[in-house]
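One file, run-v4.txt, is given below (compact mmCIF, C-alpha atoms).
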```txt
# COMPACT_ATOMS: atom_id res chain seq x y z
CA MET A 246 61.34 170.38 222.91
CA LYS A 247 62.32 168.83 226.24
CA GLU A 248 66.07 168.38 226.55
CA TRP A 249 65.94 164.61 226.93
CA MET A 250 63.95 164.29 223.70
CA LYS A 251 66.98 165.45 221.73
CA ASN A 252 68.44 162.01 222.39
CA VAL A 253 65.36 160.07 221.29
CA ARG A 254 65.83 157.87 218.22
CA ASN A 255 63.22 158.91 215.65
CA VAL A 256 61.96 156.21 213.32
CA THR A 257 58.85 155.98 211.17
CA PRO A 258 57.37 152.79 212.64
CA TYR A 259 56.02 149.79 210.79
CA VAL A 260 52.21 149.80 210.69
CA ALA A 261 50.75 146.33 211.12
CA GLY A 262 47.35 145.26 209.87
CA GLU A 263 44.46 145.98 212.20
CA GLN A 264 43.76 143.41 214.92
CA PRO A 265 40.09 143.99 215.81
CA ALA A 266 38.89 142.72 219.17
CA ASP A 267 35.50 141.84 217.71
CA LYS A 268 35.45 138.10 216.98
CA ASN A 269 32.68 138.52 214.41
CA ILE A 270 34.96 140.26 211.92
CA ILE A 271 36.08 138.37 208.82
CA LYS A 272 39.78 139.08 209.09
CA LEU A 273 41.58 138.85 205.75
CA ASN A 274 44.19 141.55 206.34
CA THR A 275 47.23 139.97 208.01
CA ASN A 276 47.87 136.74 206.07
CA GLU A 277 47.04 134.50 209.00
CA ASN A 278 46.10 130.88 208.35
CA PRO A 279 42.36 130.18 208.68
CA TYR A 280 42.97 126.61 209.89
CA PRO A 281 44.24 125.43 213.29
CA PRO A 282 47.81 124.24 213.94
CA ALA A 283 48.72 120.55 213.95
CA PRO A 284 46.62 118.38 216.33
CA ALA A 285 49.66 117.57 218.50
CA VAL A 286 50.24 121.30 219.04
CA ARG A 287 46.69 121.70 220.31
CA GLU A 288 47.07 118.69 222.59
CA LEU A 289 50.30 120.13 223.99
CA LEU A 290 48.63 123.43 224.86
CA ASN A 291 45.66 121.70 226.47
CA GLY A 292 47.86 119.65 228.79
CA PHE A 293 50.99 121.75 229.19
CA ASP A 294 52.81 121.42 232.53
CA THR A 295 52.80 125.02 233.73
CA ASP A 296 55.53 124.25 236.27
CA ILE A 297 58.03 124.52 233.43
CA LEU A 298 57.23 128.22 233.18
CA ARG A 299 59.24 128.85 236.35
CA LYS A 300 62.46 128.12 234.48
CA TYR A 301 64.22 129.86 231.64
CA PRO A 302 63.89 128.12 228.27
CA ASP A 303 66.89 126.67 226.44
CA PRO A 304 68.79 129.71 225.10
CA ASP A 305 70.19 127.64 222.22
CA ILE A 306 66.73 126.31 221.25
CA LYS A 307 68.47 123.00 220.51
CA ASP A 308 65.37 120.81 220.15
CA LEU A 309 63.67 123.01 217.57
CA CYS A 310 66.88 123.75 215.66
CA ALA A 311 67.60 120.01 215.50
CA GLU A 312 64.07 119.19 214.31
CA LEU A 313 64.19 121.86 211.61
CA ALA A 314 67.68 120.82 210.56
CA ALA A 315 66.59 117.20 210.14
CA TYR A 316 63.49 118.29 208.22
CA HIS A 317 65.56 120.32 205.76
CA GLY A 318 68.52 117.95 205.58
CA LEU A 319 71.00 120.24 207.35
CA SER A 320 73.13 120.14 210.48
CA SER A 321 71.79 121.95 213.55
CA ASP A 322 74.53 124.55 213.45
CA ARG A 323 73.08 125.85 210.18
CA VAL A 324 69.71 126.83 211.72
CA PHE A 325 68.88 129.95 213.75
CA CYS A 326 65.54 130.37 215.55
CA GLY A 327 63.91 133.55 216.80
CA VAL A 328 60.66 135.20 217.85
CA GLY A 329 58.95 135.15 214.48
CA SER A 330 60.75 135.91 211.24
CA ASP A 331 60.67 139.61 212.21
CA ASP A 332 63.08 138.90 215.06
CA VAL A 333 65.22 136.69 212.82
CA ILE A 334 65.46 139.40 210.14
CA SER A 335 66.16 142.06 212.74
CA VAL A 336 69.10 140.06 214.11
CA ALA A 337 70.27 139.38 210.55
CA PHE A 338 70.23 143.13 209.78
CA LEU A 339 72.34 143.80 212.87
CA THR A 340 74.71 140.97 212.03
CA PHE A 341 75.34 141.34 208.30
CA PHE A 342 74.45 144.91 207.34
CA ALA A 343 77.11 146.67 209.40
CA GLY A 344 79.01 148.27 206.52
CA LYS A 345 78.75 151.72 204.97
CA LYS A 346 77.45 150.65 201.58
CA LYS A 347 73.72 150.75 200.85
CA VAL A 348 71.59 147.68 201.47
CA LEU A 349 69.22 146.97 198.57
CA PHE A 350 65.60 145.80 198.55
CA PRO A 351 62.51 146.45 196.37
CA ASP A 352 60.45 149.61 196.69
CA VAL A 353 57.20 147.66 196.92
CA THR A 354 57.89 144.96 199.48
CA TYR A 355 57.63 144.12 203.19
CA ALA A 356 57.40 147.52 204.86
CA PHE A 357 59.51 146.50 207.86
CA TYR A 358 62.79 146.48 205.88
CA PRO A 359 63.23 150.27 205.74
CA VAL A 360 62.15 150.52 209.39
CA TRP A 361 64.96 148.24 210.53
CA ALA A 362 67.42 150.05 208.28
CA GLN A 363 66.46 153.40 209.81
CA LEU A 364 66.46 152.03 213.35
CA TYR A 365 69.94 150.53 213.06
CA GLY A 366 71.42 153.38 211.01
CA ILE A 367 71.91 151.20 207.93
CA PRO A 368 72.14 153.04 204.60
CA TYR A 369 69.70 151.59 202.08
CA GLU A 370 68.20 152.00 198.63
CA GLU A 371 64.77 150.88 197.48
CA ILE A 372 64.98 149.47 193.95
CA PRO A 373 61.82 150.11 191.87
CA LEU A 374 59.92 147.08 190.66
CA LYS A 375 59.17 146.80 186.96
CA GLU A 376 55.79 147.93 185.66
CA ASP A 377 54.41 144.40 186.07
CA PHE A 378 55.62 144.37 189.71
CA ARG A 379 58.38 141.87 188.98
CA ILE A 380 61.91 142.25 190.32
CA ASP A 381 64.70 142.72 187.78
CA ALA A 382 67.79 140.78 188.89
CA ALA A 383 69.95 143.10 186.78
CA ASP A 384 69.04 145.98 189.11
CA TYR A 385 70.98 144.24 191.87
CA ARG A 386 74.23 144.04 189.92
CA ARG A 387 75.66 147.08 191.63
CA GLU A 388 77.83 147.86 194.60
CA ASN A 389 75.93 147.23 197.84
CA GLY A 390 76.22 146.36 201.51
CA GLY A 391 73.72 143.49 201.33
CA ILE A 392 70.43 142.47 199.74
CA ILE A 393 67.09 141.26 201.09
CA ILE A 394 64.21 140.13 198.88
CA PRO A 395 60.99 138.30 199.81
CA ASN A 396 60.17 135.42 197.49
CA PRO A 397 57.23 135.37 196.88
CA ASN A 398 57.24 139.11 197.30
CA ALA A 399 54.74 140.83 199.56
CA PRO A 400 52.36 142.45 198.95
CA THR A 401 52.56 141.60 195.22
CA SER A 402 52.37 137.78 195.73
CA ILE A 403 54.79 137.23 192.82
CA LEU A 404 57.30 134.38 192.89
CA GLU A 405 60.69 134.58 191.18
CA GLY A 406 62.50 131.42 190.11
CA ILE A 407 65.61 129.82 191.60
CA GLU A 408 67.62 131.03 188.59
CA PHE A 409 66.67 134.61 189.50
CA VAL A 410 68.10 134.24 193.01
CA GLU A 411 71.21 132.49 191.74
CA ASP A 412 71.84 135.35 189.31
CA ILE A 413 71.84 137.77 192.25
CA LEU A 414 74.14 135.52 194.27
CA LYS A 415 76.60 135.15 191.39
CA HIS A 416 76.85 138.91 190.95
CA ASN A 417 77.16 139.67 194.68
CA PRO A 418 79.77 137.28 196.16
CA SER A 419 80.86 139.87 198.75
CA SER A 420 77.37 140.63 200.10
CA MET A 421 74.97 138.68 202.26
CA VAL A 422 71.86 137.90 200.22
CA MET A 423 68.76 137.23 202.33
CA ILE A 424 65.75 135.54 200.75
CA ASP A 425 62.64 135.91 202.88
CA GLU A 426 60.53 132.82 202.15
CA ALA A 427 57.61 133.59 204.45
CA TYR A 428 55.15 132.41 201.78
CA ILE A 429 57.17 129.75 199.94
CA ASP A 430 55.01 126.87 201.20
CA PHE A 431 52.05 127.97 199.08
CA GLY A 432 53.36 126.90 195.71
CA GLY A 433 56.94 127.98 195.17
CA LYS A 434 60.25 126.18 194.99
CA SER A 435 62.63 127.12 197.78
CA VAL A 436 66.16 128.33 197.12
CA LEU A 437 67.43 126.07 199.92
CA PRO A 438 69.45 123.90 197.49
CA LEU A 439 71.59 126.97 196.73
CA LEU A 440 72.93 126.91 200.31
CA GLU A 441 75.34 124.20 199.21
CA LYS A 442 76.83 126.48 196.55
CA TYR A 443 76.78 129.92 198.18
CA ASP A 444 77.92 130.74 201.72
CA ASN A 445 76.52 134.28 201.42
CA LEU A 446 72.89 133.09 201.24
CA LEU A 447 70.46 133.27 204.16
CA VAL A 448 67.01 131.65 203.74
CA ILE A 449 64.34 132.93 206.16
CA ARG A 450 61.11 131.14 207.14
CA THR A 451 58.20 131.57 209.56
CA PHE A 452 55.64 129.40 211.35
CA SER A 453 53.10 132.26 211.18
CA LYS A 454 51.63 131.52 207.75
CA SER A 455 51.72 127.93 206.58
CA ARG A 456 51.96 126.38 210.07
CA SER A 457 49.05 128.37 211.57
CA MET A 458 51.11 129.64 214.51
CA ALA A 459 51.26 133.43 214.13
CA GLY A 460 50.32 133.81 217.79
CA MET A 461 53.20 131.57 218.90
CA ARG A 462 55.86 133.75 217.20
CA ILE A 463 58.36 131.29 215.72
CA GLY A 464 60.74 132.13 212.89
CA TYR A 465 64.01 130.69 211.66
CA CYS A 466 66.66 130.99 209.03
CA MET A 467 69.23 128.72 207.42
CA GLY A 468 72.70 129.50 206.18
CA CYS A 469 76.32 128.40 206.43
CA LYS A 470 77.75 127.56 209.86
CA GLU A 471 79.75 130.79 210.07
CA ALA A 472 76.71 132.95 209.31
CA ILE A 473 74.56 131.22 211.92
CA ALA A 474 77.35 131.45 214.52
CA ALA A 475 77.60 135.19 213.87
CA MET A 476 73.85 135.61 214.36
CA ASN A 477 73.92 133.63 217.59
CA SER A 478 76.66 135.94 218.89
CA ILE A 479 74.48 138.99 218.23
CA LYS A 480 71.44 137.30 219.72
CA ALA A 481 73.37 136.41 222.89
CA SER A 482 74.38 140.07 223.18
CA ILE A 483 70.73 141.18 223.10
CA ASN A 484 68.60 138.46 224.70
CA SER A 485 69.66 134.84 225.05
CA TYR A 486 66.21 133.58 226.04
CA THR A 487 64.12 134.43 223.00
CA LEU A 488 61.59 131.63 222.43
CA SER A 489 59.50 130.37 225.34
CA GLN A 490 59.57 126.67 226.23
CA ILE A 491 55.95 126.40 225.05
CA ALA A 492 56.89 127.82 221.66
CA ILE A 493 59.91 125.51 221.34
CA SER A 494 57.88 122.40 222.18
CA ALA A 495 54.98 123.43 219.93
CA GLY A 496 57.34 124.17 217.08
CA VAL A 497 58.90 120.71 217.29
CA LEU A 498 55.48 119.02 217.18
CA SER A 499 54.40 121.13 214.21
CA VAL A 500 57.45 120.13 212.18
CA LYS A 501 56.91 116.45 213.00
CA ASP A 502 53.40 116.44 211.48
CA ASP A 503 54.39 116.98 207.86
CA ALA A 504 51.25 115.35 206.44
CA TYR A 505 48.94 117.80 208.23
CA PHE A 506 51.15 120.73 207.24
CA LYS A 507 51.03 119.84 203.55
CA GLU A 508 47.31 119.13 203.65
CA GLN A 509 46.50 122.58 205.04
CA CYS A 510 48.78 124.32 202.56
CA GLY A 511 47.02 122.44 199.77
CA ARG A 512 43.61 123.60 200.99
CA ILE A 513 44.74 127.23 200.93
CA VAL A 514 46.29 126.91 197.46
CA LYS A 515 43.04 125.44 196.11
CA THR A 516 40.97 128.24 197.63
CA ARG A 517 43.46 130.85 196.39
CA ASP A 518 43.29 129.64 192.80
CA GLU A 519 39.50 129.64 192.95
CA ALA A 520 39.61 133.15 194.43
CA LEU A 521 41.59 134.54 191.52
CA LYS A 522 38.97 133.20 189.09
CA THR A 523 36.02 134.44 191.14
CA LEU A 524 37.56 137.89 191.63
CA ALA A 525 38.30 138.13 187.90
CA GLY A 526 34.60 137.55 187.29
CA LEU A 527 33.86 140.50 189.56
CA GLY A 528 36.17 142.79 187.57
CA PHE A 529 39.40 142.42 189.55
CA THR A 530 42.84 141.94 188.02
CA GLY A 531 46.18 141.12 189.58
CA PRO A 532 49.25 138.92 189.30
CA GLU A 533 49.13 135.16 189.64
CA SER A 534 49.70 134.50 193.32
CA ALA A 535 52.20 132.07 194.85
CA ALA A 536 51.31 133.11 198.41
CA ASN A 537 48.38 132.75 200.81
CA PHE A 538 46.94 136.04 199.60
CA VAL A 539 46.04 137.80 196.36
CA PHE A 540 46.94 141.31 195.26
CA VAL A 541 44.17 142.77 193.10
CA LYS A 542 42.56 145.97 191.87
CA HIS A 543 39.11 146.61 190.42
CA GLU A 544 38.53 147.75 186.87
CA SER A 545 36.54 150.83 187.93
CA LEU A 546 36.35 151.25 191.72
CA PRO A 547 39.22 152.79 193.74
CA GLY A 548 40.99 150.59 196.24
CA ASP A 549 40.34 152.86 199.22
CA TYR A 550 36.62 152.91 198.44
CA ILE A 551 36.33 149.12 198.36
CA PHE A 552 38.48 148.88 201.49
CA GLU A 553 36.17 151.18 203.47
CA GLU A 554 33.00 149.56 202.12
CA LEU A 555 34.23 146.13 203.13
CA LYS A 556 34.97 147.42 206.64
CA LYS A 557 31.37 148.62 206.89
CA ARG A 558 30.39 145.04 206.12
CA ARG A 559 32.77 143.75 208.83
CA ILE A 560 35.36 142.38 206.44
CA PHE A 561 38.96 143.55 206.85
CA VAL A 562 41.49 143.46 204.00
CA ARG A 563 44.77 145.36 203.58
CA HIS A 564 45.19 148.63 201.67
CA TRP A 565 48.13 151.00 201.27
CA ASN A 566 47.66 154.58 200.17
CA LYS A 567 50.99 154.62 198.33
CA PRO A 568 52.09 155.43 194.78
CA ARG A 569 51.64 152.61 192.25
CA ILE A 570 49.61 150.40 194.60
CA ALA A 571 46.91 152.75 195.93
CA ASP A 572 44.17 150.94 193.98
CA TYR A 573 45.29 147.47 195.02
CA LEU A 574 43.98 145.38 197.88
CA ARG A 575 45.84 142.54 199.51
CA ILE A 576 43.32 139.89 200.46
CA THR A 577 44.34 136.99 202.69
CA ILE A 578 42.93 133.62 201.70
CA GLY A 579 40.44 132.63 204.38
CA SER A 580 38.25 129.58 204.78
CA ASP A 581 35.85 128.75 201.96
CA GLU A 582 32.98 130.20 203.99
CA GLU A 583 34.88 133.43 204.66
CA MET A 584 35.74 133.79 200.99
CA LYS A 585 32.12 133.21 200.01
CA ARG A 586 31.06 136.05 202.27
CA LEU A 587 33.81 138.24 200.81
CA TYR A 588 32.54 137.62 197.25
CA GLU A 589 28.97 138.41 198.32
CA ALA A 590 30.10 141.66 199.92
CA LEU A 591 32.18 142.68 196.88
CA ASN A 592 29.29 141.92 194.54
CA ASP A 593 27.00 144.04 196.73
CA ILE A 594 29.51 146.94 196.67
CA ILE A 595 29.92 146.75 192.90
CA GLN A 596 26.19 146.49 192.19
CA SER A 597 25.39 149.36 194.57
CA GLU A 598 27.86 151.59 192.75
CA ARG A 599 26.34 150.76 189.36
CA LYS A 600 22.81 151.80 190.39
```
What do you get writing this file as structure tokens?
Amino acid sequence: MKEWMKNVRNVTPYVAGEQPADKNIIKLNTNENPYPPAPAVRELLNGFDTDILRKYPDPDIKDLCAELAAYHGLSSDRVFCGVGSDDVISVAFLTFFAGKKKVLFPDVTYAFYPVWAQLYGIPYEEIPLKEDFRIDAADYRRENGGIIIPNPNAPTSILEGIEFVEDILKHNPSSMVMIDEAYIDFGGKSVLPLLEKYDNLLVIRTFSKSRSMAGMRIGYCMGCKEAIAAMNSIKASINSYTLSQIAISAGVLSVKDDAYFKEQCGRIVKTRDEALKTLAGLGFTGPESAANFVFVKHESLPGDYIFEELKKRRIFVRHWNKPRIADYLRITIGSDEEMKRLYEALNDIIQSERK
């Protein structure tokens, strides 16, 4: 080993879903929205004054924070914005998980959590889900240095109720409890009302899923004033200028068009519910989804086999070769036409195997 490599920080990196360059791929592997962003966002990008790119953007992201605060009925000093929810969660880890006690999160969940914990030297423990992939709130009634849980969870797509989150908050008054609501807009009730009762709650959101802006990289979180101030201090110590001016302006316009936002979410929910029925008819089972994806396994065919056969047919879904979930596929809800082609491909795979 070269001498300088002894000082290299070794971390097992997060592995994102494949991003094929081929535009003819049906891409159902990264939970992107199949529909375009709000019309005003598209108009902004078509006529954006590029001269503004010479200047640094607002480091406080005041316009977007104010728009989000008004939308959610909060004051601006209770909103933090970052480069996608990944950046927001990363800053939150650095801010609130600085103790020596273990941070807790599920064992089957967003795979970035253990990566951040390793990267920042944060002790952690992965709490096993129950057999039905649900999270048991009682498992989090133990000493800890913080908690983060996605709701709905990913990749399982399962939503837990507000009472579930409140139970965790009640039993952990000395820990920051982060609820990652990346998929909450597809049928769940947010825990935002609990912010008025618990100052140790952080609610995290993203524009990548329900607002069709994964390529713009906008995320945010909401909490008490003291928590947001602490995060801004960490952010200012790393990089003050996080979001570009284009992203800030586009984010504001997206939030303003609430009717379009809700319409597109409704379209995805309708297609998702139809997908669960159609997939059941093809021999797939899985939990009821509250997200923009489904998590299913086939009654007889292995998950890795279906995954590879779909790729041969130019359809990408997500598969993990991990204990408990190796036979499951996470399938993003695409357009109705994309889903139709998925069903045709799955039927072809199943029928070919039966011959």
request  = Identify, on the basis of only C-alpha atoms, every residue whose closest approach to Thr257 (chain A) does not exceed 10 Å; exclude the query and any residue fewer than 2 positions from it along the same chain; express the result as a list of chain:residue names.
outcome  =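 Selected residues are A:Asn255, A:Tyr259, A:Val260, A:Pro359, A:Val360, A:Trp361, A:Gln363, A:Leu364.
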Could the residues in this selection be saved with C-alpha atoms as a PDB file, in the coordinates of the input?
```pdb
ATOM      1  CA  ASN A 255      63.220 158.910 215.650  1.00  0.00           C
ATOM      2  CA  TYR A 259      56.020 149.790 210.790  1.00  0.00           C
ATOM      3  CA  VAL A 260      52.210 149.800 210.690  1.00  0.00           C
ATOM      4  CA  PRO A 359      63.230 150.270 205.740  1.00  0.00           C
ATOM      5  CA  VAL A 360      62.150 150.520 209.390  1.00  0.00           C
ATOM      6  CA  TRP A 361      64.960 148.240 210.530  1.00  0.00           C
ATOM      7  CA  GLN A 363      66.460 153.400 209.810  1.00  0.00           C
ATOM      8  CA  LEU A 364      66.460 152.030 213.350  1.00  0.00           C
TER       9      LEU A 364
END
```
Excluding region 485-496 of chain A and residues on its chain fewer than 2 positions from it, collect all residues at most 8 Å away from it, counting only C-alpha atoms, and give them as a PyMOL selection string. chain A and resi 286+289-290+293+297-298+301-306+308-309+327-328+452+461-463+480-483+498-500
Point to revise | Residues within 9 Å of Phe552 (chain A), only C-alpha atoms, excluding chain neighbours under 2 positions, as a PyMOL selection string | key: chain A and resi 547-550+554-557+560-564+574
| task | Give me the residues within 9 Å of Ala472 (chain A) as a PyMOL selection string, counting all atoms listed in the file and dropping any in the same chain fewer than 6 places off. | result | chain A and resi 323+340-341+444-447
In terms of all atoms listed in the file, the residue from A:Lys272, A:Arg575, A:Arg450, A:Lys501 at minimal distance from Val333 (chain A) is A:Arg450
Students should find that CA of Val324 (chain A) and CA of Ile403 (chain A) are spaced 26.2 Å
Closest atom pairs, residues of region 343-455 of chain A within 12 Å of region 577-597 of chain A, all atoms listed in the file, as CSV:
```
residue,atom,partner,partner_atom,distance
A:Ala399,CA,A:Thr577,CA,11.5
A:Pro400,CA,A:Thr577,CA,10.4
A:Ser402,CA,A:Thr577,CA,10.7
A:Tyr428,CA,A:Thr577,CA,11.8
A:Phe431,CA,A:Ile578,CA,11.0
A:Lys454,CA,A:Thr577,CA,10.4
A:Ser455,CA,A:Ile578,CA,11.6
```
Inset, instruction - Could you give me, as number ranges by chain, the residues within 12 Å of Phe342 (chain A), counting all atoms listed in the file and dropping anything in the same chain fewer than 6 positions from it? - result: A: 334-336, 348-349, 358, 361-363, 365-369, 389-393, 419-423, 476
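Proximity to Lys346 (chain A) was assessed for A:Ser330, A:Glu370, A:Arg299, A:Arg559 counting all atoms listed in the file; the smallest distance is recorded for A:Glu370.
Using only C-alpha atoms for every distance, the candidate list A:Glu471, A:Glu405, A:Asp352, A:Glu411 yields A:Glu405 as the residue closest to Glu426 (chain A).
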The residue from A:Val497, A:Ala536, A:Ala525, A:Ile407 with the smallest atom-to-atom distance to Ala314 (chain A), counting all atoms listed in the file, is A:Val497
Expressed in Å, the length from CA of Asp425 (chain A) to CA of Ile449 (chain A) is 4.7 Å
Here is a test: counting all atoms listed in the file, which residue of A:Asp267, A:Glu388, A:Glu376, A:Glu288 is nearest to Ile570 (chain A)?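 Nearest to Ile570 (chain A): A:Glu376.
The smallest atom-to-atom distance between Ser321 (chain A) and any of A:Ile479, A:Ala382, A:Ala459, A:Ala474, using all atoms listed in the file, is found for A:Ala474.
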CA of Cys510 (chain A) to CA of Asp331 (chain A) measures 21.6 Å
